[in-house]
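Note: the block below is entry_11.tsv and it holds TSV, C-alpha atoms and all ligand atoms.
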```
chain	number	residue	atom	x	y	z
A	12	MET	CA	19.38	164.67	116.07
A	13	GLN	CA	21.95	167.24	114.84
A	14	MET	CA	24.79	165.96	112.63
A	15	HIS	CA	27.42	166.48	115.33
A	16	GLU	CA	25.27	164.63	117.86
A	17	ILE	CA	24.98	161.66	115.46
A	18	ARG	CA	28.76	161.61	115.00
A	19	LYS	CA	29.31	161.71	118.78
A	20	PHE	CA	26.79	158.90	119.24
A	21	MET	CA	28.70	156.85	116.62
A	22	VAL	CA	31.94	157.27	118.59
A	23	ALA	CA	30.14	156.22	121.78
A	24	ALA	CA	28.73	153.13	120.01
A	25	CYS	CA	32.22	152.17	118.79
A	26	LEU	CA	33.62	152.44	122.31
A	27	GLU	CA	30.67	150.33	123.48
A	28	MET	CA	31.66	147.69	120.89
A	29	ASN	CA	35.10	147.48	122.52
A	30	ARG	CA	33.64	147.50	126.03
A	31	THR	CA	31.18	144.67	125.33
A	32	GLY	CA	33.86	142.55	123.63
A	33	LEU	CA	32.08	142.74	120.26
A	34	ASN	CA	35.23	144.15	118.76
A	35	GLN	CA	38.96	144.49	119.13
A	36	GLY	CA	41.77	146.26	117.32
A	37	THR	CA	40.63	147.89	114.10
A	38	SER	CA	38.09	145.28	113.04
A	39	GLY	CA	34.41	146.18	112.71
A	40	ASN	CA	32.64	149.29	111.51
A	41	LEU	CA	29.27	150.99	111.77
A	42	SER	CA	27.18	153.48	109.86
A	43	VAL	CA	24.07	155.64	110.14
A	44	ARG	CA	21.71	156.73	107.36
A	45	VAL	CA	21.29	160.52	107.22
A	46	GLY	CA	18.78	161.51	104.53
A	47	ASP	CA	20.12	160.27	101.18
A	48	SER	CA	23.64	159.88	102.60
A	49	LEU	CA	25.37	157.66	105.11
A	50	LEU	CA	27.98	158.38	107.75
A	51	VAL	CA	30.46	155.53	108.24
A	52	THR	CA	33.44	154.96	110.52
A	53	PRO	CA	36.89	155.51	108.98
A	54	THR	CA	38.97	152.53	107.88
A	55	ALA	CA	41.67	150.98	110.08
A	56	THR	CA	41.17	153.31	113.02
A	57	PRO	CA	41.32	152.01	116.60
A	58	TYR	CA	38.14	153.12	118.32
A	59	ASP	CA	39.94	154.72	121.24
A	60	ARG	CA	41.43	157.21	118.73
A	61	LEU	CA	38.15	157.93	116.97
A	62	GLU	CA	36.82	161.51	116.86
A	63	PRO	CA	33.33	162.59	115.67
A	64	ASP	CA	34.79	164.53	112.72
A	65	MET	CA	36.58	161.43	111.40
A	66	MET	CA	33.36	159.84	110.06
A	67	ALA	CA	33.16	159.70	106.26
A	68	ALA	CA	29.99	160.94	104.53
A	69	MET	CA	28.90	159.16	101.33
A	70	ARG	CA	25.87	159.50	99.04
A	71	ILE	CA	23.85	156.28	99.05
A	72	GLY	CA	23.07	156.74	95.36
A	73	ASP	CA	26.71	157.19	94.34
A	74	GLU	CA	28.31	154.32	92.41
A	75	GLU	CA	31.93	155.33	92.84
A	76	GLY	CA	32.37	155.31	96.60
A	77	ARG	CA	33.21	159.02	96.74
A	78	PHE	CA	33.32	160.42	100.26
A	79	SER	CA	33.77	163.65	102.13
A	80	GLY	CA	35.73	163.96	105.35
A	81	PRO	CA	39.33	163.85	106.51
A	82	CYS	CA	39.59	160.02	106.59
A	83	ALA	CA	38.85	157.29	104.04
A	84	PRO	CA	35.65	155.34	104.81
A	85	SER	CA	35.56	151.78	106.12
A	86	SER	CA	36.70	149.25	103.54
A	87	GLU	CA	33.17	147.81	103.93
A	88	TRP	CA	31.41	151.02	102.78
A	89	ARG	CA	29.96	149.03	99.87
A	90	PHE	CA	27.86	146.64	101.95
A	91	HIS	CA	26.74	149.50	104.17
A	92	ARG	CA	25.60	151.43	101.06
A	93	ASP	CA	24.00	148.39	99.42
A	94	ILE	CA	22.04	147.41	102.55
A	95	TYR	CA	20.62	150.95	102.78
A	96	ARG	CA	19.67	150.71	99.11
A	97	ALA	CA	17.97	147.34	99.59
A	98	ARG	CA	16.25	148.05	102.91
A	99	ALA	CA	14.32	151.28	103.39
A	100	ASP	CA	13.61	150.26	107.00
A	101	VAL	CA	17.31	150.22	107.97
A	102	GLY	CA	18.70	153.36	109.57
A	103	ALA	CA	21.92	151.97	111.05
A	104	ILE	CA	24.30	149.04	110.49
A	105	VAL	CA	26.84	147.43	112.83
A	106	HIS	CA	29.55	145.03	111.64
A	107	ALA	CA	31.82	143.14	114.08
A	108	HIS	CA	34.14	140.15	114.30
A	109	ALA	CA	32.67	139.08	117.64
A	110	PRO	CA	34.04	135.74	118.90
A	111	HIS	CA	30.99	133.44	118.96
A	112	THR	CA	29.21	134.66	115.83
A	113	THR	CA	32.55	134.58	114.02
A	114	ALA	CA	33.24	131.03	115.22
A	115	LEU	CA	29.87	129.94	113.76
A	116	ALA	CA	30.71	131.83	110.55
A	117	MET	CA	34.04	129.96	110.43
A	118	LEU	CA	32.04	126.71	110.55
A	119	ARG	CA	29.69	128.17	107.91
A	120	LYS	CA	26.72	127.34	110.13
A	121	ASN	CA	23.38	129.14	110.13
A	122	LEU	CA	22.19	130.10	113.62
A	123	PRO	CA	18.84	128.36	114.27
A	124	ALA	CA	16.06	129.45	116.64
A	125	ALA	CA	17.23	127.54	119.71
A	126	HIS	CA	16.05	130.57	121.76
A	127	TYR	CA	12.97	132.73	121.30
A	128	MET	CA	15.08	135.91	121.07
A	129	MET	CA	15.61	134.94	117.44
A	130	ALA	CA	12.29	136.75	116.86
A	131	ALA	CA	14.14	140.05	117.43
A	132	PHE	CA	15.74	139.40	114.03
A	133	ASN	CA	12.48	139.06	112.05
A	134	THR	CA	13.46	135.53	111.00
A	135	HIS	CA	13.54	131.98	112.36
A	136	GLU	CA	17.17	131.50	111.31
A	137	ILE	CA	20.21	133.74	110.84
A	138	ILE	CA	21.83	132.85	107.53
A	139	CYS	CA	25.58	132.33	107.19
A	140	THR	CA	26.77	133.38	103.73
A	141	ASP	CA	29.58	131.92	101.64
A	142	TYR	CA	32.95	133.58	101.87
A	143	ALA	CA	34.06	136.55	99.78
A	144	PRO	CA	37.04	138.83	100.49
A	145	TYR	CA	36.39	141.91	102.62
A	146	GLY	CA	35.41	145.11	100.89
A	147	THR	CA	34.41	143.46	97.60
A	148	PRO	CA	31.20	143.77	95.57
A	149	GLU	CA	30.90	139.97	95.93
A	150	LEU	CA	30.82	140.24	99.72
A	151	SER	CA	28.27	143.02	99.51
A	152	ALA	CA	25.98	140.94	97.27
A	153	LEU	CA	26.25	137.98	99.67
A	154	ALA	CA	25.50	140.22	102.66
A	155	VAL	CA	22.39	141.77	101.07
A	156	ALA	CA	21.06	138.36	99.92
A	157	GLY	CA	21.86	136.65	103.25
A	158	LEU	CA	20.19	139.45	105.20
A	159	GLY	CA	17.01	139.41	103.12
A	160	LYS	CA	14.32	140.86	105.39
A	161	ALA	CA	16.12	139.75	108.56
A	162	HIS	CA	17.91	142.06	111.00
A	163	GLY	CA	21.13	140.05	111.13
A	164	VAL	CA	23.41	137.90	108.99
A	165	LEU	CA	26.67	136.01	109.41
A	166	LEU	CA	29.39	136.49	106.79
A	167	GLY	CA	31.25	133.23	106.07
A	168	SER	CA	34.71	133.15	107.73
A	169	HIS	CA	34.31	136.79	108.67
A	170	GLY	CA	31.78	138.06	111.25
A	171	LEU	CA	28.32	139.53	111.85
A	172	ILE	CA	26.12	142.30	110.52
A	173	ALA	CA	23.21	143.61	112.61
A	174	VAL	CA	20.80	146.32	111.47
A	175	GLY	CA	18.14	148.50	113.04
A	176	ASP	CA	16.01	151.55	112.41
A	177	THR	CA	18.33	153.39	114.81
A	178	LEU	CA	21.96	152.89	115.84
A	179	GLU	CA	20.79	152.04	119.34
A	180	ARG	CA	18.68	149.17	118.01
A	181	ALA	CA	21.37	147.94	115.61
A	182	MET	CA	23.81	147.85	118.55
A	183	TRP	CA	21.27	146.06	120.73
A	184	ARG	CA	20.86	143.41	118.01
A	185	ALA	CA	24.62	143.03	117.52
A	186	VAL	CA	25.05	142.21	121.21
A	187	GLU	CA	21.95	139.99	121.12
A	188	LEU	CA	23.21	138.07	118.06
A	189	GLU	CA	26.59	137.46	119.67
A	190	THR	CA	24.80	136.29	122.85
A	191	LEU	CA	22.52	133.92	120.90
A	192	ALA	CA	25.53	132.42	119.14
A	193	HIS	CA	27.32	132.00	122.49
A	194	GLN	CA	24.29	130.34	124.09
A	195	TYR	CA	23.79	128.06	121.09
A	196	MET	CA	27.42	126.95	121.17
A	197	LEU	CA	27.24	126.25	124.92
A	198	ALA	CA	24.08	124.19	124.44
A	199	CYS	CA	25.70	122.24	121.57
A	200	GLN	CA	28.53	121.25	123.90
A	201	MET	CA	26.00	119.52	126.19
A	202	GLY	CA	23.69	117.95	123.64
A	203	GLU	CA	21.43	118.82	120.77
A	204	PRO	CA	19.46	122.04	121.35
A	205	VAL	CA	15.73	121.98	120.63
A	206	ILE	CA	14.98	124.27	117.70
A	207	LEU	CA	11.76	126.29	117.95
A	208	GLY	CA	9.36	125.94	115.05
A	209	LYS	CA	8.99	128.61	112.39
A	210	ASP	CA	5.38	129.16	113.54
A	211	GLU	CA	6.53	129.74	117.14
A	212	ILE	CA	8.97	132.45	116.02
A	213	GLU	CA	6.55	134.02	113.54
A	214	ALA	CA	3.96	134.37	116.30
A	215	LEU	CA	6.49	136.34	118.38
A	216	ILE	CA	7.82	138.65	115.66
A	217	PRO	CA	4.99	141.25	115.97
A	218	ARG	CA	5.68	141.54	119.68
A	219	PHE	CA	9.28	142.47	118.96
A	220	ALA	CA	8.21	145.56	117.00
A	221	ALA	CA	7.62	147.16	120.40
A	222	TYR	CA	10.30	145.31	122.34
A	223	GLY	CA	14.00	146.07	122.80
A	224	VAL	CA	15.81	149.34	123.31
A	225	THR	CA	14.06	152.40	121.98
A	226	THR	CA	15.50	155.86	121.47
A	301	LIG	P1	37.64	148.78	108.27
A	301	LIG	O1	38.69	149.14	109.31
A	301	LIG	O2	38.06	149.20	106.89
A	301	LIG	O3	36.29	149.28	108.67
A	301	LIG	O4	37.58	147.21	108.16
A	301	LIG	C1	37.39	146.41	109.29
A	301	LIG	C2	36.62	145.20	108.96
A	301	LIG	O5	36.02	144.65	109.85
A	301	LIG	C3	36.59	144.68	107.59
A	301	LIG	O6	35.63	143.66	107.47
```
Please go through the file and, once you have read it, give me the structure as structure tokens.
Ligand code: 13P
Amino acid sequence: MQMHEIRKFMVAACLEMNRTGLNQGTSGNLSVRVGDSLLVTPTATPYDRLEPDMMAAMRIGDEEGRFSGPCAPSSEWRFHRDIYRARADVGAIVHAHAPHTTALAMLRKNLPAAHYMMAAFNTHEIICTDYAPYGTPELSALAVAGLGKAHGVLLGSHGLIAVGDTLERAMWRAVELETLAHQYMLACQMGEPVILGKDEIEALIPRFAAYGVTT
């Protein structure tokens, strides 16, 4: 994809975050890996005012957070950069303060495999990290450790991160993670959900390599 096409696709994904209820106001951000750089949404910008040229470009290897572009990058550029450094398989990252995942993160609860769709996240449990203030190296370290090899993590008292090889798949997982959290919370209101065994989920994980949205 050409650079301008990627930027346009990022704007479309941001508008989709608003449309699906994943996001509101200026919360949330997303990024795409482009070679040895990343493109990330600008900080504090309502998505309905976002333009393709407003994305900030940053070198993944750079320590200082230098960027090029007309707008400063998301305050969370550090965890975007550090996840790309830690995970060669990740090509896009979505962060949102979606209601149900954030409610679980406020309770500091991991999300267990009460539904088989957990296998889409390459894990039998989505970890909820401790709290650290937004934009800090501490939050970034918690995010990278909590994510591990999984495709999603909850940030304590904050929100969700979902990753994918493409932006389309990271977005798909963000919506899926919010849905799983919603379903889990509904089930908890009626009783104690049955949690699928680690072996059940592990048996499904290979099938998810070829399942889900593809570009
Ligand atoms: P930015 O507007 O800087 O991307 O921050 C939003 C957010 O969600 C911080 O966690």
Give the residues close to ligand LIG 301 (chain A), within 9 Å, counting all atoms listed in the file; write them as a PDB file with C-alpha atoms, in the coordinates of the input.
```pdb
ATOM      1  CA  ASN A  34      35.230 144.150 118.760  1.00  0.00           C
ATOM      2  CA  THR A  37      40.630 147.890 114.100  1.00  0.00           C
ATOM      3  CA  SER A  38      38.090 145.280 113.040  1.00  0.00           C
ATOM      4  CA  GLY A  39      34.410 146.180 112.710  1.00  0.00           C
ATOM      5  CA  ASN A  40      32.640 149.290 111.510  1.00  0.00           C
ATOM      6  CA  LEU A  41      29.270 150.990 111.770  1.00  0.00           C
ATOM      7  CA  VAL A  51      30.460 155.530 108.240  1.00  0.00           C
ATOM      8  CA  THR A  52      33.440 154.960 110.520  1.00  0.00           C
ATOM      9  CA  PRO A  53      36.890 155.510 108.980  1.00  0.00           C
ATOM     10  CA  THR A  54      38.970 152.530 107.880  1.00  0.00           C
ATOM     11  CA  ALA A  55      41.670 150.980 110.080  1.00  0.00           C
ATOM     12  CA  THR A  56      41.170 153.310 113.020  1.00  0.00           C
ATOM     13  CA  PRO A  57      41.320 152.010 116.600  1.00  0.00           C
ATOM     14  CA  ALA A  83      38.850 157.290 104.040  1.00  0.00           C
ATOM     15  CA  PRO A  84      35.650 155.340 104.810  1.00  0.00           C
ATOM     16  CA  SER A  85      35.560 151.780 106.120  1.00  0.00           C
ATOM     17  CA  SER A  86      36.700 149.250 103.540  1.00  0.00           C
ATOM     18  CA  GLU A  87      33.170 147.810 103.930  1.00  0.00           C
ATOM     19  CA  TRP A  88      31.410 151.020 102.780  1.00  0.00           C
ATOM     20  CA  HIS A 106      29.550 145.030 111.640  1.00  0.00           C
ATOM     21  CA  ALA A 107      31.820 143.140 114.080  1.00  0.00           C
ATOM     22  CA  HIS A 108      34.140 140.150 114.300  1.00  0.00           C
ATOM     23  CA  PRO A 144      37.040 138.830 100.490  1.00  0.00           C
ATOM     24  CA  TYR A 145      36.390 141.910 102.620  1.00  0.00           C
ATOM     25  CA  GLY A 146      35.410 145.110 100.890  1.00  0.00           C
ATOM     26  CA  HIS A 169      34.310 136.790 108.670  1.00  0.00           C
ATOM     27  CA  GLY A 170      31.780 138.060 111.250  1.00  0.00           C
TER      28      GLY A 170
END
```
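Between Asp47 of chain A and the residues A:His162, A:Arg89, A:Arg70, A:His135, the shortest atom-to-atom distance, using all atoms listed in the file, involves A:Arg70.
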Residue nearest Glu179 of chain A - candidates A:Leu166, A:Met28, A:Ala103, A:Ala97, atoms counted: only C-alpha atoms: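 Ranking A:Leu166, A:Met28, A:Ala103, A:Ala97 by distance to Glu179 of chain A, first place goes to A:Ala103.
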Mind checking which residues fall within 9 Å of Tyr195 of chain A, counting all atoms listed in the file, ignoring those fewer than 2 positions away in the same chain, and posting them as a list in words?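 So, after excluding close chain neighbours, the residues are Leu122, Pro123, Ala125, His126, Thr190, Leu191, Ala192, His193, Leu197, Ala198, Cys199, Gln200 and Pro204 of chain A.
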Given all atoms listed in the file as the counted atoms, nearest of A:Leu33, A:Arg44, A:Leu178, A:Cys25 to Tyr58 of chain A: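 The shortest atom-to-atom distance to Tyr58 of chain A comes from A:Cys25.
In this structure, atom CA of Ala161 of chain A sits 5.1 Å away from atom CA of Asn133 of chain A.
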Please report, as JSON, the centre and edge lengths in Å to one decimal of an axis-aligned box covering all listed atoms of segment 98-102 of chain A with 5 Å per side.
```
{"center_x": 16.2, "center_y": 150.7, "center_z": 106.2, "size_x": 15.1, "size_y": 15.3, "size_z": 16.7}
```
Neighbouring residues of Arg218 of chain A were defined as those with any atom within 10 Å, considering all atoms listed in the file; residues of the same chain fewer than 4 positions away were excluded. Please report them as an MDAnalysis selection string. chainID A and resid 130:131 213:214 222:223
Of the candidates A:Ile212, A:Thr177, A:Ile94, A:Leu115, which one gets nearest to Thr134 of chain A if we count all atoms listed in the file?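 Selected residue with least distance to Thr134 of chain A: A:Ile212.
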Looking at only C-alpha atoms, which of A:Glu27, A:Asp73, A:Glu136, A:Glu211 is the one that sits closest to Val105 of chain A? A:Glu27
Proximity to Pro63 of chain A - best of A:Lys19, A:Arg92, A:Gly32, A:Ala156, all atoms listed in the file: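 Of the candidates, the smallest distance to Pro63 of chain A is held by A:Lys19.
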Would you mind reading off the distance between atom CA of Gly46 of chain A and atom CA of Phe90 of chain A, one decimal, in Å?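 Answer for the atom CA of Gly46 of chain A to atom CA of Phe90 of chain A separation: 17.6 Å.
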Within 10 Å of (21.4, 138.7, 107.7) (file coordinates; only C-alpha atoms), which protein or nucleic acid residues are there? I'd like them as a ChimeraX atom specification. /A:132-134,136-140,153-166,171-174
Correct to one decimal, the distance atom CA of Ala67 of chain A-atom CA of Arg30 of chain A is 23.2 Å
Skip Leu49 of chain A itself and residues of its chain fewer than 2 positions away, then list as a ChimeraX atom specification all residues within 6 Å of it, counting all atoms listed in the file. /A:43-45,68-69
